[in-house]
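J.: My structure is below; once you've seen it, I'll send some questions.
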Amino acid sequence: MKRIIGLIAAAAIMWSVGAEEKRLPPLSVETEIAATVRPTHAYILFLAGGQGLTVSDALRDCNQKTAAVSEAIRRQFPDAAIETEIVNTGNRDFGNSDRDSFAPDVTRLIQVTIPADARRAAQILDIALRMGLTPFLASLNSFASDQLSCSGAIFYGIRNLDADVDRLCETAYPKLWKRAEKLAKLQSCKVVKLQELDRYFIHRSRNPIKFQSIAHTLPVDFYSGDPEKIRISLSLDAKFEVMPIQELP
Amino acid sequence: MRKWIFCLIFGLLFNAFSNDEPVLEIKTTVTTTAKATNAYVAFLVRGQGLLISDAQKACDANITAVSEKIKERFKTAQIDTTTVNTGTKDFQGWRAAGAKIEPDVTQLVTVTLPPDETLAAEILDIAIRKGAIPFCSDRPELLGAVYYGIDNTEAAEEQLYQEAAAKLRKEAERLANLMKRKVIQLKNIRRFPERNNSSTAEYREIRCFLPAAFCSSDPNKVRISMDFAAIFEISE
């Protein structure tokens with residue numbers, strides 16, 4: 001009796017392992033999708049440079065200019081968020097110098113954040129220009145290869161992408177399923193179900209952006225120079241369970 | 001009892017190793033050409049002024065003027081704009097500290113039309129007459145300022161899937177024959193995501209993403225290409 005039970009148990013295990021092995025490997029389907037989304041914020045960038053006989057004078061000059069421009073902007077745009085950051089305390093051309101050619105300079109980078117609005121952003125940059133400040137003119141090659149290229153001192157970014165990404169995935173899902181069905185058909189199979197879905201961004205906008213020798217990191221992953229659109233690219237990898245057509249119930 | 005435990009272990013091991021069928025992996029690219037369904041005309045419109053706000057207004061006015069003229073010629077033209085510069089006029093060369101800022105706003109305009117070469121040329125001429133700069137892409141895959149693309153590639157894709165399946169099997173059989181084996185079945189097949197550059201035009205580092213996935217400079221020859229990889233099970 002023991003022998004018979006053992007024999008049956010061994011046969012059952014062998015059969016189940018065999019059945020597992022016969023299952024077709026999952027069908028991998030990849031796709032890339034791109035969409036444009038509306039920016040939520042505008043970032044206006046410029047430099048306040050202070051000069052003087054000494055570095056202390058330069059710092060004082062820089063601080064005065066920063067305070068003046070900040071006040072002027074706040075007066076007209078009370079909702080603007082102004083952040084400043086010292087990017088140079090040294091020589092005027094940001095380079096090394098000997099004692100004779102040293103021209104004291106302190107430069108602050110000023111970033112003004114407002115809700116995305118091209119007209120208001122231009123007006124803020126104009127306030128800075130009228131006060132003699134230098135716009136932070138980022139170059140075209142600041143952008144990753146699949147991003148809209150742009151240049152200038154005004155950038156538009158999006159802070160929370162989750163809803164847009166979910167919407168993008170929803171539109172891509174039927175595309176993936178359709179592609180899986182086409183591939184499965186070539187294998188004389190049918191798609192049974194989606195087993196796994198991975199998504200990741202192909203390229204985020206390249207951060208930091210650069211002007212002259214100054215680098216600045218915008219507080220967003222995706223940005224553009226257009227107040228209406230930011231391009232986001234997403235890659236989706238899906239694994240589908242497939243079954244030979246004759247085995248389907 | 002020991003005998004049966006031995007039998008069980010042997011059975012499991014046999015099963016684990018007996019299913020290692022030899023396989024062949026084949027890759028292929030299938031290509032077809034199709035007629036375009038749309039034409040895209042691209043150009044840059046600029047605006048300058050004393051201040052950035054003036055430049056912005058000037059650019060908007062120029063866009064309105066050129067759009068009206070285009071609509072006069074072709075009412076249903078779809079006009080899309082993207083700001084590519086809000087800064088200084090020489091935005092590609094401006095580097096020197098202390099150089100004078102000349103406020104400039106530049107927008108890239110893409111006009112979508114039916115795939116008619118004559119109409120596309122006329123639209124580009126209208127834009128040039130209105131002071132626009134033709135967006136002449138210098139990418140080898142896509143030259144010039146007029147491009148042609150396909151809206152729906154479904155039919156062409158269907159045909160390419162069939163062609164790919166036949167090509168993959170033929171290649172698998174050829175290789176299996178060389179190994180004196182036979183192809184038993186197609187075990188897995190995958191299509192690589194499109195990484196074609198034919199839908200991106202580029203002019204002086206400014207990129208223009210065209211709405212169609214496959215584009216060309218010729219309305220009658222839009223190349224659609226797909227990459228596949230397949231795994232075939234072959235006999236021992």
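How things are named: the first chain in the structure tokens is A, the next is B, and so on; residues count from 1 in each chain; ligands count from 1 in the order shown.
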Do me a favour and pick out the residues of chain B within 6 Å of chain A, using only C-alpha atoms, as a PDB file with N, CA and C atoms, in the first residue's frame.

T.:
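Here's the written file part_34.pdb:
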ATOM      1  N   LEU B   8      11.437   9.747  -6.048  1.00  0.00           N
ATOM      2  CA  LEU B   8      10.839  11.079  -6.102  1.00  0.00           C
ATOM      3  C   LEU B   8      11.882  12.124  -6.505  1.00  0.00           C
ATOM      4  N   LEU B  51      11.536  95.927 -24.683  1.00  0.00           N
ATOM      5  CA  LEU B  51      11.424  95.052 -23.518  1.00  0.00           C
ATOM      6  C   LEU B  51      10.927  93.667 -23.951  1.00  0.00           C
ATOM      7  N   ILE B  52      11.012  92.720 -23.027  1.00  0.00           N
ATOM      8  CA  ILE B  52      10.541  91.357 -23.329  1.00  0.00           C
ATOM      9  C   ILE B  52       9.034  91.377 -23.640  1.00  0.00           C
ATOM     10  N   SER B  53       8.287  92.180 -22.875  1.00  0.00           N
ATOM     11  CA  SER B  53       6.836  92.268 -23.115  1.00  0.00           C
ATOM     12  C   SER B  53       6.545  92.802 -24.517  1.00  0.00           C
ATOM     13  N   THR B  82       4.844  76.904 -30.773  1.00  0.00           N
ATOM     14  CA  THR B  82       5.633  76.568 -29.577  1.00  0.00           C
ATOM     15  C   THR B  82       6.686  77.654 -29.356  1.00  0.00           C
ATOM     16  N   THR B  83       6.739  78.217 -28.167  1.00  0.00           N
ATOM     17  CA  THR B  83       7.760  79.243 -27.873  1.00  0.00           C
ATOM     18  C   THR B  83       9.122  78.565 -27.732  1.00  0.00           C
ATOM     19  N   VAL B  84      10.095  79.038 -28.483  1.00  0.00           N
ATOM     20  CA  VAL B  84      11.436  78.446 -28.370  1.00  0.00           C
ATOM     21  C   VAL B  84      12.460  79.410 -27.779  1.00  0.00           C
ATOM     22  N   ASN B  85      12.118  80.680 -27.696  1.00  0.00           N
ATOM     23  CA  ASN B  85      13.026  81.631 -27.046  1.00  0.00           C
ATOM     24  C   ASN B  85      12.271  82.794 -26.425  1.00  0.00           C
ATOM     25  N   THR B  86      12.600  83.096 -25.183  1.00  0.00           N
ATOM     26  CA  THR B  86      12.138  84.329 -24.522  1.00  0.00           C
ATOM     27  C   THR B  86      13.392  84.887 -23.876  1.00  0.00           C
ATOM     28  N   GLY B  87      14.107  85.666 -24.632  1.00  0.00           N
ATOM     29  CA  GLY B  87      15.394  86.138 -24.129  1.00  0.00           C
ATOM     30  C   GLY B  87      15.967  87.184 -25.052  1.00  0.00           C
ATOM     31  N   LEU B 186       7.376  28.448 -32.640  1.00  0.00           N
ATOM     32  CA  LEU B 186       7.748  29.797 -32.225  1.00  0.00           C
ATOM     33  C   LEU B 186       7.418  29.920 -30.740  1.00  0.00           C
ATOM     34  N   PRO B 193      10.372  48.784 -29.361  1.00  0.00           N
ATOM     35  CA  PRO B 193       9.675  50.065 -29.500  1.00  0.00           C
ATOM     36  C   PRO B 193      10.310  50.917 -30.596  1.00  0.00           C
ATOM     37  N   ILE B 206      17.338  73.593 -32.616  1.00  0.00           N
ATOM     38  CA  ILE B 206      15.945  73.680 -32.170  1.00  0.00           C
ATOM     39  C   ILE B 206      15.235  72.445 -32.725  1.00  0.00           C
ATOM     40  N   ARG B 207      14.516  71.761 -31.847  1.00  0.00           N
ATOM     41  CA  ARG B 207      13.832  70.539 -32.279  1.00  0.00           C
ATOM     42  C   ARG B 207      12.359  70.791 -32.548  1.00  0.00           C
TER      43      ARG B 207
END

J.: Can you list, as a list in words, every protein, DNA or RNA residue that comes within 7 Å of Glu202 in chain B when you count only C-alpha atoms, leaving out same-chain residues fewer than 3 positions away?

T.: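 Counting only the stated atoms, we get Ser137, Asp138, Arg139, Glu205, Ile206, Arg207 and Cys208 of chain B.
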
J.: If you measure from CA of Ser233 in chain A to CA of Ala36 in chain B, what distance in Å do you get, rounded to one decimal?

T.: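 CA of Ala36 in chain B lies 24.8 Å from CA of Ser233 in chain A.
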
J.: Considering only strand (DSSP E) as DSSP defines it on the backbone, what residues of range 9-180 of chain A qualify? List them as a CSV table (one decimal) with N, CA, C and O atoms, in the first residue's frame.

T.:
chain,number,residue,atom,x,y,z
A,27,LEU,N,4.6,37.0,-22.8
A,27,LEU,CA,4.9,37.8,-24.0
A,27,LEU,C,5.3,39.3,-23.5
A,27,LEU,O,4.5,39.9,-22.8
A,28,SER,N,6.5,39.7,-23.9
A,28,SER,CA,6.9,41.0,-23.5
A,28,SER,C,6.5,42.0,-24.6
A,28,SER,O,6.8,41.8,-25.7
A,29,VAL,N,5.9,43.1,-24.1
A,29,VAL,CA,5.5,44.2,-25.1
A,29,VAL,C,6.0,45.5,-24.5
A,29,VAL,O,5.8,45.8,-23.4
A,30,GLU,N,6.7,46.2,-25.4
A,30,GLU,CA,7.2,47.5,-24.9
A,30,GLU,C,6.7,48.6,-25.8
A,30,GLU,O,6.5,48.4,-27.0
A,31,THR,N,6.5,49.7,-25.3
A,31,THR,CA,6.1,50.9,-26.1
A,31,THR,C,6.5,52.2,-25.5
A,31,THR,O,6.7,52.2,-24.3
A,32,GLU,N,6.7,53.2,-26.3
A,32,GLU,CA,7.0,54.5,-25.8
A,32,GLU,C,6.0,55.5,-26.2
A,32,GLU,O,5.5,55.4,-27.3
A,33,ILE,N,5.6,56.3,-25.3
A,33,ILE,CA,4.5,57.3,-25.6
A,33,ILE,C,5.0,58.6,-25.1
A,33,ILE,O,5.7,58.8,-24.1
A,34,ALA,N,4.5,59.6,-25.8
A,34,ALA,CA,4.9,61.0,-25.5
A,34,ALA,C,3.6,61.8,-25.5
A,34,ALA,O,2.7,61.5,-26.2
A,35,ALA,N,3.5,62.7,-24.6
A,35,ALA,CA,2.4,63.6,-24.5
A,35,ALA,C,2.8,65.0,-24.1
A,35,ALA,O,3.9,65.2,-23.5
A,36,THR,N,2.0,66.0,-24.4
A,36,THR,CA,2.3,67.3,-23.9
A,36,THR,C,1.3,67.6,-22.8
A,36,THR,O,0.1,67.3,-22.9
A,37,VAL,N,1.8,68.2,-21.7
A,37,VAL,CA,1.0,68.6,-20.6
A,37,VAL,C,1.2,70.1,-20.3
A,37,VAL,O,2.1,70.7,-20.8
A,41,HIS,N,3.7,76.1,-13.4
A,41,HIS,CA,4.5,77.3,-12.9
A,41,HIS,C,5.4,77.9,-13.9
A,41,HIS,O,5.9,77.2,-14.8
A,42,ALA,N,5.7,79.2,-13.7
A,42,ALA,CA,6.7,79.8,-14.6
A,42,ALA,C,7.9,80.2,-13.7
A,42,ALA,O,7.7,80.6,-12.5
A,43,TYR,N,9.1,80.0,-14.2
A,43,TYR,CA,10.3,80.3,-13.4
A,43,TYR,C,11.1,81.4,-14.2
A,43,TYR,O,11.4,81.1,-15.4
A,44,ILE,N,11.3,82.5,-13.6
A,44,ILE,CA,12.0,83.6,-14.3
A,44,ILE,C,13.3,83.7,-13.6
A,44,ILE,O,13.4,83.9,-12.4
A,45,LEU,N,14.4,83.7,-14.4
A,45,LEU,CA,15.7,83.7,-13.8
A,45,LEU,C,16.6,84.9,-14.3
A,45,LEU,O,16.6,85.2,-15.5
A,46,PHE,N,17.2,85.5,-13.4
A,46,PHE,CA,18.2,86.5,-13.7
A,46,PHE,C,19.3,86.7,-12.6
A,46,PHE,O,19.2,86.1,-11.6
A,47,LEU,N,20.3,87.4,-13.0
A,47,LEU,CA,21.4,87.6,-12.1
A,47,LEU,C,21.6,89.0,-11.6
A,47,LEU,O,21.4,89.9,-12.4
A,48,ALA,N,21.8,89.2,-10.3
A,48,ALA,CA,22.1,90.5,-9.8
A,48,ALA,C,23.6,90.5,-9.4
A,48,ALA,O,24.0,89.8,-8.5
A,49,GLY,N,24.3,91.3,-10.2
A,49,GLY,CA,25.8,91.3,-9.9
A,49,GLY,C,26.2,92.6,-9.2
A,49,GLY,O,25.7,93.7,-9.5
A,50,GLY,N,27.0,92.4,-8.1
A,50,GLY,CA,27.4,93.6,-7.4
A,50,GLY,C,28.9,93.8,-7.5
A,50,GLY,O,29.7,92.8,-7.5
A,51,GLN,N,29.3,95.0,-7.7
A,51,GLN,CA,30.8,95.3,-7.9
A,51,GLN,C,31.2,96.4,-6.9
A,51,GLN,O,30.3,97.1,-6.3
A,81,ALA,N,7.0,84.1,-5.7
A,81,ALA,CA,7.9,83.5,-4.7
A,81,ALA,C,9.3,83.8,-5.2
A,81,ALA,O,9.7,83.5,-6.4
A,82,ILE,N,10.1,84.5,-4.4
A,82,ILE,CA,11.4,84.9,-4.8
A,82,ILE,C,12.5,84.2,-4.0
A,82,ILE,O,12.5,84.3,-2.8
A,83,GLU,N,13.4,83.5,-4.7
A,83,GLU,CA,14.5,82.8,-4.1
A,83,GLU,C,15.8,83.3,-4.6
A,83,GLU,O,15.9,83.5,-5.9
A,84,THR,N,16.8,83.5,-3.8
A,84,THR,CA,18.1,84.0,-4.3
A,84,THR,C,19.2,83.1,-3.8
A,84,THR,O,19.0,82.4,-2.8
A,85,GLU,N,20.2,83.1,-4.6
A,85,GLU,CA,21.3,82.2,-4.2
A,85,GLU,C,22.6,82.8,-4.7
A,85,GLU,O,22.7,83.3,-5.9
A,86,ILE,N,23.6,82.9,-3.9
A,86,ILE,CA,24.9,83.5,-4.3
A,86,ILE,C,25.6,82.5,-5.2
A,86,ILE,O,25.8,81.3,-4.8
A,87,VAL,N,26.0,82.9,-6.4
A,87,VAL,CA,26.7,82.0,-7.3
A,87,VAL,C,28.1,82.4,-7.5
A,87,VAL,O,28.9,81.7,-8.1
A,88,ASN,N,28.5,83.6,-7.1
A,88,ASN,CA,29.9,84.0,-7.2
A,88,ASN,C,30.3,85.0,-6.1
A,88,ASN,O,29.6,86.0,-5.9
A,89,THR,N,31.4,84.8,-5.4
A,89,THR,CA,32.0,85.8,-4.6
A,89,THR,C,33.4,85.8,-4.9
A,89,THR,O,34.2,84.9,-4.5
A,90,GLY,N,33.8,86.6,-5.9
A,90,GLY,CA,35.2,86.6,-6.3
A,90,GLY,C,35.5,87.6,-7.4
A,90,GLY,O,35.2,88.7,-7.3
A,91,ASN,N,35.9,87.0,-8.5
A,91,ASN,CA,36.3,87.9,-9.6
A,91,ASN,C,35.1,88.2,-10.6
A,91,ASN,O,34.2,87.3,-10.7
A,104,PRO,N,36.5,92.8,-7.8
A,104,PRO,CA,35.6,92.2,-6.9
A,104,PRO,C,34.2,92.1,-7.4
A,104,PRO,O,33.7,93.1,-8.0
A,105,ASP,N,33.6,91.0,-7.2
A,105,ASP,CA,32.2,90.7,-7.7
A,105,ASP,C,31.5,89.8,-6.8
A,105,ASP,O,32.0,88.8,-6.4
A,106,VAL,N,30.2,90.1,-6.6
A,106,VAL,CA,29.3,89.1,-5.9
A,106,VAL,C,28.1,89.0,-6.8
A,106,VAL,O,27.5,90.1,-7.1
A,107,THR,N,27.7,87.8,-7.2
A,107,THR,CA,26.6,87.7,-8.0
A,107,THR,C,25.6,86.7,-7.4
A,107,THR,O,25.9,85.7,-6.9
A,108,ARG,N,24.3,87.2,-7.4
A,108,ARG,CA,23.2,86.3,-6.9
A,108,ARG,C,22.3,85.9,-8.1
A,108,ARG,O,22.0,86.8,-8.9
A,109,LEU,N,21.9,84.7,-8.1
A,109,LEU,CA,21.0,84.2,-9.0
A,109,LEU,C,19.6,84.4,-8.4
A,109,LEU,O,19.4,83.9,-7.2
A,110,ILE,N,18.7,85.0,-9.1
A,110,ILE,CA,17.3,85.2,-8.5
A,110,ILE,C,16.3,84.4,-9.4
A,110,ILE,O,16.3,84.5,-10.6
A,111,GLN,N,15.6,83.6,-8.6
A,111,GLN,CA,14.6,82.8,-9.3
A,111,GLN,C,13.2,83.2,-8.8
A,111,GLN,O,12.9,83.2,-7.6
A,112,VAL,N,12.4,83.7,-9.7
A,112,VAL,CA,11.0,84.1,-9.3
A,112,VAL,C,10.0,83.1,-9.9
A,112,VAL,O,10.1,82.7,-11.0
A,113,THR,N,9.2,82.6,-9.0
A,113,THR,CA,8.2,81.6,-9.4
A,113,THR,C,6.8,82.2,-9.3
A,113,THR,O,6.4,82.8,-8.3
A,114,ILE,N,6.0,82.0,-10.4
A,114,ILE,CA,4.6,82.5,-10.4
A,114,ILE,C,3.8,81.4,-11.1
A,114,ILE,O,4.4,80.5,-11.8
A,115,PRO,N,2.5,81.4,-11.0
A,115,PRO,CA,1.7,80.4,-11.8
A,115,PRO,C,2.0,80.7,-13.3
A,115,PRO,O,2.3,81.8,-13.7
A,134,THR,N,21.0,91.0,-15.3
A,134,THR,CA,21.3,90.2,-16.5
A,134,THR,C,20.3,89.0,-16.5
A,134,THR,O,20.3,88.2,-15.5
A,135,PRO,N,19.6,88.8,-17.6
A,135,PRO,CA,18.8,87.6,-17.6
A,135,PRO,C,19.6,86.3,-17.7
A,135,PRO,O,20.7,86.4,-18.3
A,151,SER,N,15.4,78.4,-25.5
A,151,SER,CA,16.4,79.1,-24.8
A,151,SER,C,15.7,80.4,-24.2
A,151,SER,O,14.6,80.6,-24.5
A,152,GLY,N,16.5,81.1,-23.4
A,152,GLY,CA,15.9,82.3,-22.8
A,152,GLY,C,16.0,82.2,-21.3
A,152,GLY,O,16.7,81.3,-20.7
A,154,ILE,N,13.1,82.4,-19.3
A,154,ILE,CA,11.8,82.0,-18.7
A,154,ILE,C,11.5,80.6,-19.0
A,154,ILE,O,11.5,80.1,-20.1
A,155,PHE,N,11.2,79.8,-18.0
A,155,PHE,CA,11.0,78.4,-18.1
A,155,PHE,C,9.6,78.1,-17.5
A,155,PHE,O,9.2,78.7,-16.5
A,156,TYR,N,9.0,77.0,-18.0
A,156,TYR,CA,7.7,76.6,-17.5
A,156,TYR,C,7.8,75.2,-17.0
A,156,TYR,O,8.4,74.3,-17.8
A,157,GLY,N,7.4,74.9,-15.8
A,157,GLY,CA,7.5,73.5,-15.3
A,157,GLY,C,6.2,73.0,-14.7
A,157,GLY,O,5.3,73.8,-14.5

J.: Near range 25-29 of chain B, counting only C-alpha atoms, which residues have an atom at most 9 Å away, once you skip same-chain residues fewer than 6 positions from it, shown as JSON, numbers by chain?

T.: {"B": [164, 167, 168, 169, 171, 172, 225, 226, 227, 228, 229, 230, 231, 232]}

J.: Find the residues around Lys182 in chain B up to 8 Å (only C-alpha atoms counted), leave out those fewer than 5 positions away in its own chain, and share them as JSON, numbers by chain.

T.: {"B": [173, 176, 177, 234, 235]}

J.: Which residues come within 12 Å of Val45 in chain B, counting only C-alpha atoms, excluding same-chain residues fewer than 6 positions away, as a ChimeraX atom specification?

T.: /B:55-56,58-67,81-85,104-110,127-135

J.: With N, CA, C and O atoms retained, could you export that selection as a compact mmCIF listing (two decimals), in the first residue's frame?

T.:
# COMPACT_ATOMS: atom_id res chain seq x y z
N ALA B 55 8.54 92.47 -27.11
CA ALA B 55 8.93 91.39 -28.04
C ALA B 55 7.82 90.34 -28.12
O ALA B 55 7.51 89.82 -29.20
N GLN B 56 7.24 90.06 -26.96
CA GLN B 56 6.16 89.07 -26.89
C GLN B 56 4.95 89.54 -27.71
O GLN B 56 4.39 88.78 -28.50
N ALA B 58 5.00 91.73 -30.15
CA ALA B 58 5.37 91.76 -31.57
C ALA B 58 5.30 90.36 -32.18
O ALA B 58 4.80 90.18 -33.29
N CYS B 59 5.78 89.39 -31.42
CA CYS B 59 5.77 88.00 -31.92
C CYS B 59 4.32 87.52 -32.10
O CYS B 59 3.97 86.94 -33.13
N ASP B 60 3.48 87.81 -31.10
CA ASP B 60 2.06 87.40 -31.19
C ASP B 60 1.39 88.06 -32.40
O ASP B 60 0.61 87.41 -33.12
N ALA B 61 1.71 89.34 -32.62
CA ALA B 61 1.10 90.05 -33.76
C ALA B 61 1.57 89.43 -35.08
O ALA B 61 0.77 89.25 -36.01
N ASN B 62 2.84 89.07 -35.15
CA ASN B 62 3.37 88.45 -36.37
C ASN B 62 2.72 87.09 -36.62
O ASN B 62 2.43 86.72 -37.75
N ILE B 63 2.52 86.34 -35.52
CA ILE B 63 1.88 85.02 -35.64
C ILE B 63 0.44 85.20 -36.17
O ILE B 63 0.02 84.47 -37.07
N THR B 64 -0.26 86.17 -35.60
CA THR B 64 -1.65 86.41 -36.03
C THR B 64 -1.67 86.77 -37.51
O THR B 64 -2.49 86.25 -38.28
N ALA B 65 -0.75 87.65 -37.93
CA ALA B 65 -0.72 88.09 -39.33
C ALA B 65 -0.47 86.93 -40.27
O ALA B 65 -1.17 86.75 -41.27
N VAL B 66 0.53 86.12 -39.95
CA VAL B 66 0.88 85.01 -40.84
C VAL B 66 -0.24 83.94 -40.83
O VAL B 66 -0.58 83.38 -41.87
N SER B 67 -0.85 83.74 -39.66
CA SER B 67 -1.94 82.74 -39.56
C SER B 67 -3.13 83.16 -40.42
O SER B 67 -3.73 82.35 -41.12
N THR B 81 1.68 76.42 -32.42
CA THR B 81 2.87 77.23 -32.12
C THR B 81 3.54 76.76 -30.82
O THR B 81 2.87 76.29 -29.91
N THR B 82 4.84 76.90 -30.77
CA THR B 82 5.63 76.57 -29.58
C THR B 82 6.69 77.65 -29.36
O THR B 82 7.45 77.96 -30.28
N THR B 83 6.74 78.22 -28.17
CA THR B 83 7.76 79.24 -27.87
C THR B 83 9.12 78.56 -27.73
O THR B 83 9.25 77.62 -26.96
N VAL B 84 10.10 79.04 -28.48
CA VAL B 84 11.44 78.45 -28.37
C VAL B 84 12.46 79.41 -27.78
O VAL B 84 13.55 79.01 -27.40
N ASN B 85 12.12 80.68 -27.70
CA ASN B 85 13.03 81.63 -27.05
C ASN B 85 12.27 82.79 -26.43
O ASN B 85 11.41 83.39 -27.06
N ASP B 104 13.88 89.42 -27.35
CA ASP B 104 13.36 88.64 -28.48
C ASP B 104 12.47 87.51 -27.98
O ASP B 104 12.76 86.90 -26.96
N VAL B 105 11.39 87.29 -28.70
CA VAL B 105 10.56 86.09 -28.47
C VAL B 105 10.44 85.40 -29.82
O VAL B 105 10.14 86.03 -30.83
N THR B 106 10.76 84.13 -29.84
CA THR B 106 10.69 83.35 -31.08
C THR B 106 9.75 82.17 -30.89
O THR B 106 9.85 81.47 -29.88
N GLN B 107 8.87 81.98 -31.85
CA GLN B 107 7.96 80.83 -31.79
C GLN B 107 8.12 79.96 -33.03
O GLN B 107 8.31 80.48 -34.14
N LEU B 108 8.06 78.66 -32.79
CA LEU B 108 8.09 77.70 -33.90
C LEU B 108 6.65 77.44 -34.30
O LEU B 108 5.81 77.11 -33.45
N VAL B 109 6.37 77.62 -35.59
CA VAL B 109 5.01 77.40 -36.09
C VAL B 109 4.98 76.15 -36.97
O VAL B 109 5.84 76.00 -37.84
N THR B 110 4.04 75.25 -36.70
CA THR B 110 3.87 74.06 -37.55
C THR B 110 2.46 74.10 -38.13
O THR B 110 1.49 74.17 -37.38
N ALA B 127 4.49 82.39 -45.54
CA ALA B 127 5.20 82.64 -44.28
C ALA B 127 6.47 83.45 -44.52
O ALA B 127 6.75 84.41 -43.78
N ILE B 128 7.22 83.09 -45.57
CA ILE B 128 8.48 83.81 -45.86
C ILE B 128 8.17 85.27 -46.21
O ILE B 128 8.84 86.18 -45.73
N ARG B 129 7.12 85.47 -47.02
CA ARG B 129 6.74 86.85 -47.39
C ARG B 129 6.37 87.66 -46.15
O ARG B 129 6.54 88.87 -46.11
N LYS B 130 5.87 86.99 -45.15
CA LYS B 130 5.46 87.69 -43.92
C LYS B 130 6.63 87.82 -42.93
O LYS B 130 6.45 88.17 -41.77
N GLY B 131 7.81 87.46 -43.38
CA GLY B 131 9.01 87.66 -42.56
C GLY B 131 9.41 86.47 -41.70
O GLY B 131 10.32 86.58 -40.87
N ALA B 132 8.75 85.32 -41.88
CA ALA B 132 9.11 84.14 -41.08
C ALA B 132 10.39 83.49 -41.62
O ALA B 132 10.76 83.70 -42.78
N ILE B 133 11.04 82.74 -40.76
CA ILE B 133 12.27 82.03 -41.15
C ILE B 133 11.92 80.56 -41.37
O ILE B 133 11.42 79.91 -40.45
N PRO B 134 12.14 80.04 -42.60
CA PRO B 134 11.82 78.62 -42.79
C PRO B 134 12.65 77.74 -41.85
O PRO B 134 13.85 77.98 -41.67
N PHE B 135 11.98 76.79 -41.23
CA PHE B 135 12.65 75.88 -40.28
C PHE B 135 13.25 74.74 -41.13
O PHE B 135 12.62 73.70 -41.32

J.: May I have all residues of range 31-90 of chain B that DSSP, computed from the backbone, assigns to helix (DSSP H, G or I), given as a list in words?

T.: Ile52, Ser53, Asp54, Ala55, Gln56, Lys57, Ala58, Cys59, Asp60, Ala61, Asn62, Ile63, Thr64, Ala65, Val66, Ser67, Glu68, Lys69, Ile70, Lys71, Glu72 and Arg73 of chain B
